[in-house]
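Raw structure-v6.cif, mmCIF, C-alpha atoms:
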data_upload
#
loop_
_atom_site.group_PDB
_atom_site.id
_atom_site.type_symbol
_atom_site.label_atom_id
_atom_site.label_comp_id
_atom_site.auth_asym_id
_atom_site.auth_seq_id
_atom_site.Cartn_x
_atom_site.Cartn_y
_atom_site.Cartn_z
ATOM 1 C CA MET A 1 52.372 31.373 110.125
ATOM 2 C CA SER A 2 48.734 30.797 109.261
ATOM 3 C CA ALA A 3 47.492 27.244 109.025
ATOM 4 C CA HIS A 4 45.596 28.260 105.876
ATOM 5 C CA LEU A 5 48.805 28.747 103.902
ATOM 6 C CA PRO A 6 50.529 25.933 102.022
ATOM 7 C CA PRO A 7 54.198 25.431 102.850
ATOM 8 C CA PRO A 8 56.723 27.170 100.601
ATOM 9 C CA GLY A 9 57.353 25.282 97.399
ATOM 10 C CA PRO A 10 60.715 23.836 96.389
ATOM 11 C CA HIS A 11 63.344 26.100 94.899
ATOM 12 C CA THR A 12 62.945 26.422 91.149
ATOM 13 C CA ALA A 13 65.764 26.445 88.611
ATOM 14 C CA GLU A 14 65.039 29.988 87.450
ATOM 15 C CA PRO A 15 66.544 32.530 89.863
ATOM 16 C CA ALA A 16 64.413 35.294 91.341
ATOM 17 C CA ALA A 17 66.804 37.836 89.832
ATOM 18 C CA ARG A 18 70.007 37.762 87.835
ATOM 19 C CA ALA A 19 72.469 40.081 86.148
ATOM 20 C CA THR A 20 74.780 39.313 83.238
ATOM 21 C CA ALA A 21 77.786 41.506 82.398
ATOM 22 C CA LEU A 22 76.072 44.312 84.304
ATOM 23 C CA THR A 23 77.915 47.597 83.898
ATOM 24 C CA LYS A 24 76.929 51.012 85.227
ATOM 25 C CA VAL A 25 78.889 54.141 84.374
ATOM 26 C CA TYR A 26 78.196 57.608 85.732
ATOM 27 C CA GLY A 27 79.515 60.791 84.151
ATOM 28 C CA LYS A 28 81.814 61.373 81.178
ATOM 29 C CA GLY A 29 85.430 62.254 80.532
ATOM 30 C CA GLU A 30 87.424 62.950 83.667
ATOM 31 C CA ALA A 31 84.249 62.678 85.748
ATOM 32 C CA ARG A 32 83.519 59.168 84.475
ATOM 33 C CA VAL A 33 83.030 56.629 87.270
ATOM 34 C CA THR A 34 82.468 52.921 86.661
ATOM 35 C CA ALA A 35 80.246 51.879 89.560
ATOM 36 C CA LEU A 36 79.660 48.330 88.251
ATOM 37 C CA ASP A 37 82.121 46.577 85.962
ATOM 38 C CA GLY A 38 80.698 43.494 84.232
ATOM 39 C CA VAL A 39 78.952 41.866 87.198
ATOM 40 C CA ASP A 40 77.462 38.375 86.784
ATOM 41 C CA VAL A 41 75.281 37.336 89.732
ATOM 42 C CA GLU A 42 72.173 35.277 90.459
ATOM 43 C CA PHE A 43 69.844 35.377 93.459
ATOM 44 C CA ALA A 44 68.135 32.029 94.029
ATOM 45 C CA ARG A 45 64.472 31.854 94.992
ATOM 46 C CA GLY A 46 63.686 31.216 98.626
ATOM 47 C CA ARG A 47 67.103 32.390 99.819
ATOM 48 C CA PHE A 48 68.401 35.322 101.858
ATOM 49 C CA THR A 49 71.475 36.949 100.281
ATOM 50 C CA ALA A 50 73.533 39.784 101.717
ATOM 51 C CA VAL A 51 75.575 42.089 99.469
ATOM 52 C CA MET A 52 78.684 43.569 101.082
ATOM 53 C CA GLY A 53 81.740 45.542 100.131
ATOM 54 C CA PRO A 54 83.810 48.581 101.056
ATOM 55 C CA SER A 55 82.310 52.031 100.687
ATOM 56 C CA GLY A 56 82.059 52.854 96.982
ATOM 57 C CA SER A 57 82.240 49.205 95.919
ATOM 58 C CA GLY A 58 78.947 49.422 93.987
ATOM 59 C CA LYS A 59 76.664 47.436 96.275
ATOM 60 C CA SER A 60 73.783 49.943 96.361
ATOM 61 C CA THR A 61 74.170 50.574 92.628
ATOM 62 C CA LEU A 62 73.879 46.829 92.038
ATOM 63 C CA MET A 63 70.631 46.707 94.005
ATOM 64 C CA HIS A 64 69.193 49.757 92.248
ATOM 65 C CA CYS A 65 69.996 48.386 88.787
ATOM 66 C CA MET A 66 68.673 44.911 89.547
ATOM 67 C CA ALA A 67 65.476 46.341 91.034
ATOM 68 C CA GLY A 68 64.816 48.501 87.990
ATOM 69 C CA LEU A 69 65.342 51.765 89.876
ATOM 70 C CA ASP A 70 68.365 52.755 87.782
ATOM 71 C CA PRO A 71 69.024 51.692 84.158
ATOM 72 C CA ALA A 72 72.183 49.737 83.376
ATOM 73 C CA THR A 73 74.754 51.199 80.994
ATOM 74 C CA SER A 74 75.258 47.756 79.468
ATOM 75 C CA GLY A 75 74.562 44.121 80.257
ATOM 76 C CA THR A 76 71.220 42.644 81.261
ATOM 77 C CA THR A 77 69.140 42.340 84.413
ATOM 78 C CA HIS A 78 66.195 40.010 84.942
ATOM 79 C CA ILE A 79 63.450 39.741 87.540
ATOM 80 C CA GLY A 80 62.244 36.172 87.136
ATOM 81 C CA GLY A 81 61.981 35.634 83.405
ATOM 82 C CA THR A 82 61.597 39.330 82.521
ATOM 83 C CA GLU A 83 64.507 41.326 81.120
ATOM 84 C CA LEU A 84 64.190 44.867 82.457
ATOM 85 C CA SER A 85 65.732 46.892 79.631
ATOM 86 C CA SER A 86 63.055 45.560 77.260
ATOM 87 C CA LEU A 87 60.234 47.158 79.269
ATOM 88 C CA SER A 88 58.579 50.517 78.708
ATOM 89 C CA GLU A 89 58.568 52.883 81.687
ATOM 90 C CA ASN A 90 54.929 52.026 82.402
ATOM 91 C CA ARG A 91 55.573 48.266 82.325
ATOM 92 C CA LEU A 92 58.684 48.702 84.450
ATOM 93 C CA THR A 93 56.658 50.649 87.022
ATOM 94 C CA THR A 94 54.058 47.871 87.078
ATOM 95 C CA LEU A 95 56.723 45.206 87.479
ATOM 96 C CA ARG A 96 58.312 47.057 90.414
ATOM 97 C CA ARG A 97 54.899 47.434 92.040
ATOM 98 C CA ASP A 98 53.811 43.817 91.579
ATOM 99 C CA LYS A 99 57.032 41.780 91.543
ATOM 100 C CA VAL A 100 59.517 43.675 93.728
ATOM 101 C CA GLY A 101 59.400 44.660 97.383
ATOM 102 C CA PHE A 102 61.594 47.395 98.864
ATOM 103 C CA VAL A 103 62.851 48.096 102.379
ATOM 104 C CA PHE A 104 65.047 51.167 102.836
ATOM 105 C CA GLN A 105 67.073 52.659 105.681
ATOM 106 C CA GLY A 106 64.449 55.394 105.903
ATOM 107 C CA PHE A 107 61.070 53.816 106.567
ATOM 108 C CA ASN A 108 59.189 55.779 103.850
ATOM 109 C CA LEU A 109 55.788 55.368 105.508
ATOM 110 C CA MET A 110 52.765 57.579 104.852
ATOM 111 C CA PRO A 111 52.311 59.558 108.086
ATOM 112 C CA THR A 112 48.524 59.936 107.787
ATOM 113 C CA LEU A 113 47.891 56.205 107.304
ATOM 114 C CA THR A 114 47.680 53.543 109.992
ATOM 115 C CA ALA A 115 50.157 50.677 110.082
ATOM 116 C CA LEU A 116 47.635 48.398 108.397
ATOM 117 C CA GLU A 117 46.881 50.992 105.709
ATOM 118 C CA ASN A 118 50.614 51.444 105.058
ATOM 119 C CA ILE A 119 51.082 47.682 104.774
ATOM 120 C CA THR A 120 48.271 47.249 102.247
ATOM 121 C CA LEU A 121 49.017 50.441 100.275
ATOM 122 C CA PRO A 122 50.796 48.663 97.372
ATOM 123 C CA LEU A 123 47.752 46.447 96.848
ATOM 124 C CA ARG A 124 45.347 49.381 96.986
ATOM 125 C CA LEU A 125 47.443 51.249 94.407
ATOM 126 C CA ALA A 126 47.177 48.174 92.181
ATOM 127 C CA GLY A 127 43.396 47.945 92.714
ATOM 128 C CA ARG A 128 43.720 44.652 94.583
ATOM 129 C CA ARG A 129 42.556 43.430 97.976
ATOM 130 C CA PRO A 130 44.825 41.594 100.394
ATOM 131 C CA GLU A 131 44.378 37.864 100.701
ATOM 132 C CA PRO A 132 43.282 37.400 104.342
ATOM 133 C CA ALA A 133 45.469 34.350 105.012
ATOM 134 C CA TRP A 134 48.566 35.981 103.502
ATOM 135 C CA LEU A 135 47.949 39.252 105.358
ATOM 136 C CA GLU A 136 47.596 37.314 108.600
ATOM 137 C CA ALA A 137 50.817 35.399 107.924
ATOM 138 C CA VAL A 138 52.798 38.552 107.095
ATOM 139 C CA ILE A 139 51.536 40.418 110.175
ATOM 140 C CA ALA A 140 52.359 37.417 112.370
ATOM 141 C CA THR A 141 55.834 37.115 110.853
ATOM 142 C CA VAL A 142 56.741 40.739 111.677
ATOM 143 C CA GLY A 143 54.924 40.756 115.029
ATOM 144 C CA LEU A 144 52.574 43.685 114.399
ATOM 145 C CA ALA A 145 49.220 42.313 115.525
ATOM 146 C CA GLY A 146 48.880 44.831 118.364
ATOM 147 C CA ARG A 147 49.947 47.920 116.406
ATOM 148 C CA LEU A 148 47.835 47.869 113.249
ATOM 149 C CA GLU A 149 45.728 50.941 114.075
ATOM 150 C CA HIS A 150 48.702 53.090 115.102
ATOM 151 C CA ARG A 151 50.092 55.770 112.789
ATOM 152 C CA PRO A 152 53.866 56.011 112.193
ATOM 153 C CA ALA A 153 54.333 58.844 114.722
ATOM 154 C CA GLU A 154 52.908 56.526 117.395
ATOM 155 C CA LEU A 155 55.420 53.755 116.597
ATOM 156 C CA SER A 156 59.065 53.299 117.506
ATOM 157 C CA GLY A 157 61.690 53.173 114.761
ATOM 158 C CA GLY A 158 61.810 49.394 114.987
ATOM 159 C CA GLN A 159 58.036 49.141 114.726
ATOM 160 C CA GLN A 160 58.006 51.483 111.725
ATOM 161 C CA GLN A 161 60.572 49.295 109.987
ATOM 162 C CA ARG A 162 58.428 46.225 110.761
ATOM 163 C CA VAL A 163 55.591 47.987 108.917
ATOM 164 C CA ALA A 164 57.954 48.639 106.007
ATOM 165 C CA VAL A 165 58.969 44.962 105.901
ATOM 166 C CA ALA A 166 55.319 43.862 105.948
ATOM 167 C CA ARG A 167 54.530 46.340 103.150
ATOM 168 C CA ALA A 168 57.380 44.880 101.082
ATOM 169 C CA LEU A 169 56.004 41.366 101.522
ATOM 170 C CA ILE A 170 52.272 41.974 101.087
ATOM 171 C CA SER A 171 52.126 41.727 97.292
ATOM 172 C CA ARG A 172 54.007 38.382 97.301
ATOM 173 C CA PRO A 173 56.875 39.849 95.284
ATOM 174 C CA GLU A 174 59.350 37.764 93.309
ATOM 175 C CA ILE A 175 62.103 39.387 95.375
ATOM 176 C CA VAL A 176 62.554 41.870 98.233
ATOM 177 C CA PHE A 177 65.488 44.293 98.069
ATOM 178 C CA ALA A 178 66.551 45.776 101.407
ATOM 179 C CA ASP A 179 69.088 48.636 101.437
ATOM 180 C CA GLU A 180 70.726 48.982 104.878
ATOM 181 C CA PRO A 181 67.378 48.182 106.543
ATOM 182 C CA THR A 182 68.809 48.390 110.077
ATOM 183 C CA GLY A 183 70.867 51.544 109.524
ATOM 184 C CA ASN A 184 68.541 53.797 111.553
ATOM 185 C CA LEU A 185 67.836 51.291 114.330
ATOM 186 C CA ASP A 186 69.403 50.366 117.649
ATOM 187 C CA SER A 187 71.008 46.938 117.881
ATOM 188 C CA ARG A 188 67.998 45.232 119.460
ATOM 189 C CA SER A 189 65.494 46.602 116.928
ATOM 190 C CA GLY A 190 67.919 45.848 114.120
ATOM 191 C CA ALA A 191 68.229 42.231 115.224
ATOM 192 C CA GLU A 192 64.436 41.932 115.274
ATOM 193 C CA ILE A 193 64.142 43.260 111.712
ATOM 194 C CA LEU A 194 66.844 40.882 110.492
ATOM 195 C CA GLY A 195 65.024 38.016 112.176
ATOM 196 C CA PHE A 196 61.789 39.015 110.457
ATOM 197 C CA LEU A 197 63.519 39.129 107.066
ATOM 198 C CA ARG A 198 65.011 35.683 107.697
ATOM 199 C CA ASP A 199 61.615 34.347 108.798
ATOM 200 C CA SER A 200 60.013 35.720 105.627
ATOM 201 C CA VAL A 201 62.430 33.528 103.676
ATOM 202 C CA ARG A 202 62.229 30.393 105.818
ATOM 203 C CA GLU A 203 58.532 30.466 106.727
ATOM 204 C CA LEU A 204 56.905 32.417 103.892
ATOM 205 C CA GLY A 205 59.144 31.278 101.035
ATOM 206 C CA ARG A 206 60.214 34.771 99.986
ATOM 207 C CA THR A 207 63.521 35.847 98.400
ATOM 208 C CA VAL A 208 65.489 38.656 100.076
ATOM 209 C CA VAL A 209 68.582 40.535 98.896
ATOM 210 C CA MET A 210 70.021 42.908 101.498
ATOM 211 C CA VAL A 211 72.778 45.483 101.100
ATOM 212 C CA THR A 212 74.627 45.956 104.376
ATOM 213 C CA HIS A 213 77.987 47.045 105.745
ATOM 214 C CA ASP A 214 77.462 45.173 109.034
ATOM 215 C CA PRO A 215 78.981 41.660 109.402
ATOM 216 C CA ALA A 216 76.509 40.833 112.188
ATOM 217 C CA ALA A 217 73.593 41.714 109.869
ATOM 218 C CA ALA A 218 75.098 39.658 107.042
ATOM 219 C CA SER A 219 75.298 36.619 109.338
ATOM 220 C CA TYR A 220 71.486 36.326 109.175
ATOM 221 C CA ALA A 221 71.731 35.559 105.445
ATOM 222 C CA ASP A 222 72.180 32.185 103.739
ATOM 223 C CA ARG A 223 74.849 33.618 101.440
ATOM 224 C CA VAL A 224 76.994 36.734 101.236
ATOM 225 C CA VAL A 225 78.373 38.138 97.981
ATOM 226 C CA PHE A 226 81.230 40.640 98.116
ATOM 227 C CA LEU A 227 81.867 43.535 95.761
ATOM 228 C CA ALA A 228 85.062 45.541 95.372
ATOM 229 C CA ASP A 229 85.692 48.250 92.793
ATOM 230 C CA GLY A 230 82.441 47.419 91.019
ATOM 231 C CA ARG A 231 83.249 43.729 90.582
ATOM 232 C CA LEU A 232 81.986 40.581 92.270
ATOM 233 C CA VAL A 233 85.088 39.246 94.042
ATOM 234 C CA ASP A 234 83.945 36.565 96.488
ATOM 235 C CA GLU A 235 81.008 34.827 98.122
ATOM 236 C CA LEU A 236 80.419 33.004 101.373
ATOM 237 C CA HIS A 237 77.748 30.456 102.256
ATOM 238 C CA GLU A 238 76.298 29.906 105.743
ATOM 239 C CA PRO A 239 78.136 32.986 107.027
ATOM 240 C CA THR A 240 78.951 33.937 110.590
ATOM 241 C CA ALA A 241 79.755 37.459 111.740
ATOM 242 C CA ASP A 242 83.386 36.430 112.250
ATOM 243 C CA SER A 243 83.765 34.801 108.833
ATOM 244 C CA VAL A 244 82.223 37.846 107.120
ATOM 245 C CA LEU A 245 84.477 40.238 109.038
ATOM 246 C CA ALA A 246 87.537 38.204 108.081
ATOM 247 C CA ARG A 247 86.629 38.430 104.375
ATOM 248 C CA MET A 248 85.958 42.166 104.647
ATOM 249 C CA LEU A 249 89.314 42.780 106.332
ATOM 250 C CA ALA A 250 91.035 40.821 103.548
ATOM 251 C CA PHE A 251 89.616 43.225 100.957
ATOM 252 C CA GLU A 252 91.039 46.212 102.822
ATOM 253 C CA THR A 253 94.621 44.915 102.983
ATOM 254 C CA PRO A 254 97.152 46.252 100.448
ATOM 255 C CA SER A 255 97.772 42.721 99.103
ATOM 256 C CA HIS A 256 94.140 42.349 97.950
ATOM 257 C CA THR A 257 93.560 42.754 94.227
ATOM 258 C CA SER A 258 90.143 42.675 92.592
#

Re-express the file's structure as C-alpha cells.
Amino acid sequence: MSAHLPPPGPHTAEPAARATALTKVYGKGEARVTALDGVDVEFARGRFTAVMGPSGSGKSTLMHCMAGLDPATSGTTHIGGTELSSLSENRLTTLRRDKVGFVFQGFNLMPTLTALENITLPLRLAGRRPEPAWLEAVIATVGLAGRLEHRPAELSGGQQQRVAVARALISRPEIVFADEPTGNLDSRSGAEILGFLRDSVRELGRTVVMVTHDPAAASYADRVVFLADGRLVDELHEPTADSVLARMLAFETPSHTS
C-alpha cells in the first residue's frame, strides 16, 4: 500500500448497499418463478461478505438486483444513500460506472488493450484520470507491477482475473460485486484472487460482496449470508471452510425448512 494514501476510515452507519423486502419474479402463470422472496439484507462498508446457497437459491439474482443490473419486481435496493428504482436508465448507468465495481467468472477484458489500459478503462470512459497514489496502491494490492504492458492473451487466467479485480477497484466504488470470481481458475490462482479481494477490504478500505458456491472461498470473507429458496435463512461471522460447509450441508438435509 502506498505511503501517500491515508488509512481507511472508520465504518460508517450507512451500509454500502442494502435491500428491503426485495422480490424478483420471472415469468407468468405456470412459468412463474420467484427467485427472491422478500429479502432484507445489508452489506456494511469496509467488510467482505460472501453470499452462498444451493443451486437456484437466488444468490446471483440477489447480486444482479442489488448492483442495478436487473430491476426488482418489488421492494427496494440502495447503493449508499441512492435508491435504484428511482433512477433513470442514464443515471443508473452512471451510478454503476462510478459507484459499483464488478468481477465476474469470465474476465471480460478488452483483448486489444494492455493490462494497465484495461485497469483504467472505467476512468477513461468517465473522462477521468487515475489518481497516481490510488493506482499505485491498487496495482500493488493485486501484484501486477510486472505485467502492466501485457495484453490479456499474454497473461495467465489468474493474472487476467487480477486485472479484472484492479479494474473493479480503480474508480473507488462504493461496493465491489464479485460473481464466482474464482470459477475459471485453478486452486492456487483462486486463492491468490481471494487474498487480493480480502486485502482490498483490509488495506484499501473497500467493500466486497462475493457470490460463491465454494466453502473455502467463503472462508476469506468476514461474514457469510445464506440463501435458500429465494430467502435469507442464516448468516455466519468469521467463517471457516468447515463451519461454512456444515451450514451448507444442513440446508440440504430433508429436515431443513426455509

Closest to A:Gly195 among A:Gly68, A:Asp179, A:Phe226, A:Val142, using all atoms listed in the file?
-> A:Val142

Can you pull out the residues contacting A:Leu69? Cut-off 12 Å, using all atoms listed in the file, and skip same-chain residues under 6 positions away; I want them as a tab-separated table (two decimals) with C-alpha atoms, in the coordinates of the input.
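Wrote it out as around33.tsv, contents follow:
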chain	number	residue	atom	x	y	z
A	60	SER	CA	73.78	49.94	96.36
A	61	THR	CA	74.17	50.57	92.63
A	62	LEU	CA	73.88	46.83	92.04
A	63	MET	CA	70.63	46.71	94.00
A	77	THR	CA	69.14	42.34	84.41
A	84	LEU	CA	64.19	44.87	82.46
A	85	SER	CA	65.73	46.89	79.63
A	89	GLU	CA	58.57	52.88	81.69
A	92	LEU	CA	58.68	48.70	84.45
A	93	THR	CA	56.66	50.65	87.02
A	95	LEU	CA	56.72	45.21	87.48
A	96	ARG	CA	58.31	47.06	90.41
A	97	ARG	CA	54.90	47.43	92.04
A	100	VAL	CA	59.52	43.68	93.73
A	101	GLY	CA	59.40	44.66	97.38
A	102	PHE	CA	61.59	47.40	98.86
A	177	PHE	CA	65.49	44.29	98.07

For the structure shown, which residues end up in the PyMOL selection byres ((chain A and resi 219) around 10)? Put them as a list in words, please?
->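 That expression, the PyMOL selection byres ((chain A and resi 219) around 10), corresponds here to Thr49, Ala50, Leu194, Asp214, Pro215, Ala216, Ala217, Ala218, Tyr220, Ala221, Asp222, Arg223, Val224, His237, Glu238, Pro239, Thr240, Ala241, Asp242, Ser243, Val244 and Leu245 of chain A.
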
Take the residues from that selection and put them in a file with C-alpha atoms, as a tab-separated table (two decimals), keeping the file's coordinate frame.
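Just written: again-v1.tsv:
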chain	number	residue	atom	x	y	z
A	49	THR	CA	71.47	36.95	100.28
A	50	ALA	CA	73.53	39.78	101.72
A	194	LEU	CA	66.84	40.88	110.49
A	214	ASP	CA	77.46	45.17	109.03
A	215	PRO	CA	78.98	41.66	109.40
A	216	ALA	CA	76.51	40.83	112.19
A	217	ALA	CA	73.59	41.71	109.87
A	218	ALA	CA	75.10	39.66	107.04
A	220	TYR	CA	71.49	36.33	109.18
A	221	ALA	CA	71.73	35.56	105.44
A	222	ASP	CA	72.18	32.18	103.74
A	223	ARG	CA	74.85	33.62	101.44
A	224	VAL	CA	76.99	36.73	101.24
A	237	HIS	CA	77.75	30.46	102.26
A	238	GLU	CA	76.30	29.91	105.74
A	239	PRO	CA	78.14	32.99	107.03
A	240	THR	CA	78.95	33.94	110.59
A	241	ALA	CA	79.76	37.46	111.74
A	242	ASP	CA	83.39	36.43	112.25
A	243	SER	CA	83.76	34.80	108.83
A	244	VAL	CA	82.22	37.85	107.12
A	245	LEU	CA	84.48	40.24	109.04

Just the residues within 7 Å of stretch 53-58 of chain A, please, counting only C-alpha atoms, with nothing from its chain fewer than 6 positions along; format it as a list in words.
->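 These residues fall inside the cut-off: Ala35, Leu36, His213, Phe226, Leu227, Ala228, Asp229 and Gly230 of chain A.
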
d(atom CA of A:Arg198, atom CA of A:Leu113) in Å = 26.7 Å

Check which residues satisfy the PyMOL selection byres ((chain A and resi 158) around 8) in the file shown, then give them as a list in words.
-> Leu155, Ser156, Gly157, Gln159, Gln160, Gln161, Arg162, Leu185, Ser189, Gly190, Glu192 and Ile193 of chain A

To verify the selection step, state as a PyMOL selection string which residues the PyMOL selection byres ((chain A and resi 118-120) around 9) yields on this input.
-> chain A and resi 109-111+113-117+121-125+129-130+135+151+163-171

From the list A:Leu232, A:Gly27, A:Arg128, A:Pro173, which residue is nearest A:Asp40 when using all atoms listed in the file?
->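 With all atoms listed in the file as the atom set, the closest residue is A:Leu232.
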
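Nearest to A:Ala44 of all the residues A:Arg172, A:Arg18, A:Arg188, A:Arg91 is A:Arg18, based on all atoms listed in the file.
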
Considering all atoms listed in the file, state which residue in the set A:Thr212, A:Thr23, A:Thr112, A:Thr141 is at the smallest distance from A:Met52.
->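 Checking each of A:Thr212, A:Thr23, A:Thr112, A:Thr141 against A:Met52, counting all atoms listed in the file, the winner is A:Thr212.
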
What does the distance from atom CA of A:Arg147 to atom CA of A:Pro132 come to in Å, to one decimal?
-> 17.3 Å

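Atom CA of A:Lys59 is found 14.4 Å from atom CA of A:Phe251.
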
Nearest-residue call for A:Gly75, choices A:Arg231, A:His150, A:Lys24, A:Arg247, using only C-alpha atoms =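 Smallest distance to A:Gly75 is found for A:Lys24.
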
Measuring atom to atom with all atoms listed in the file, identify which of A:Val103, A:Ala153, A:Ala31, A:Leu204 is nearest to A:Trp134.
->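 With all atoms listed in the file as the atom set, the closest residue is A:Leu204.
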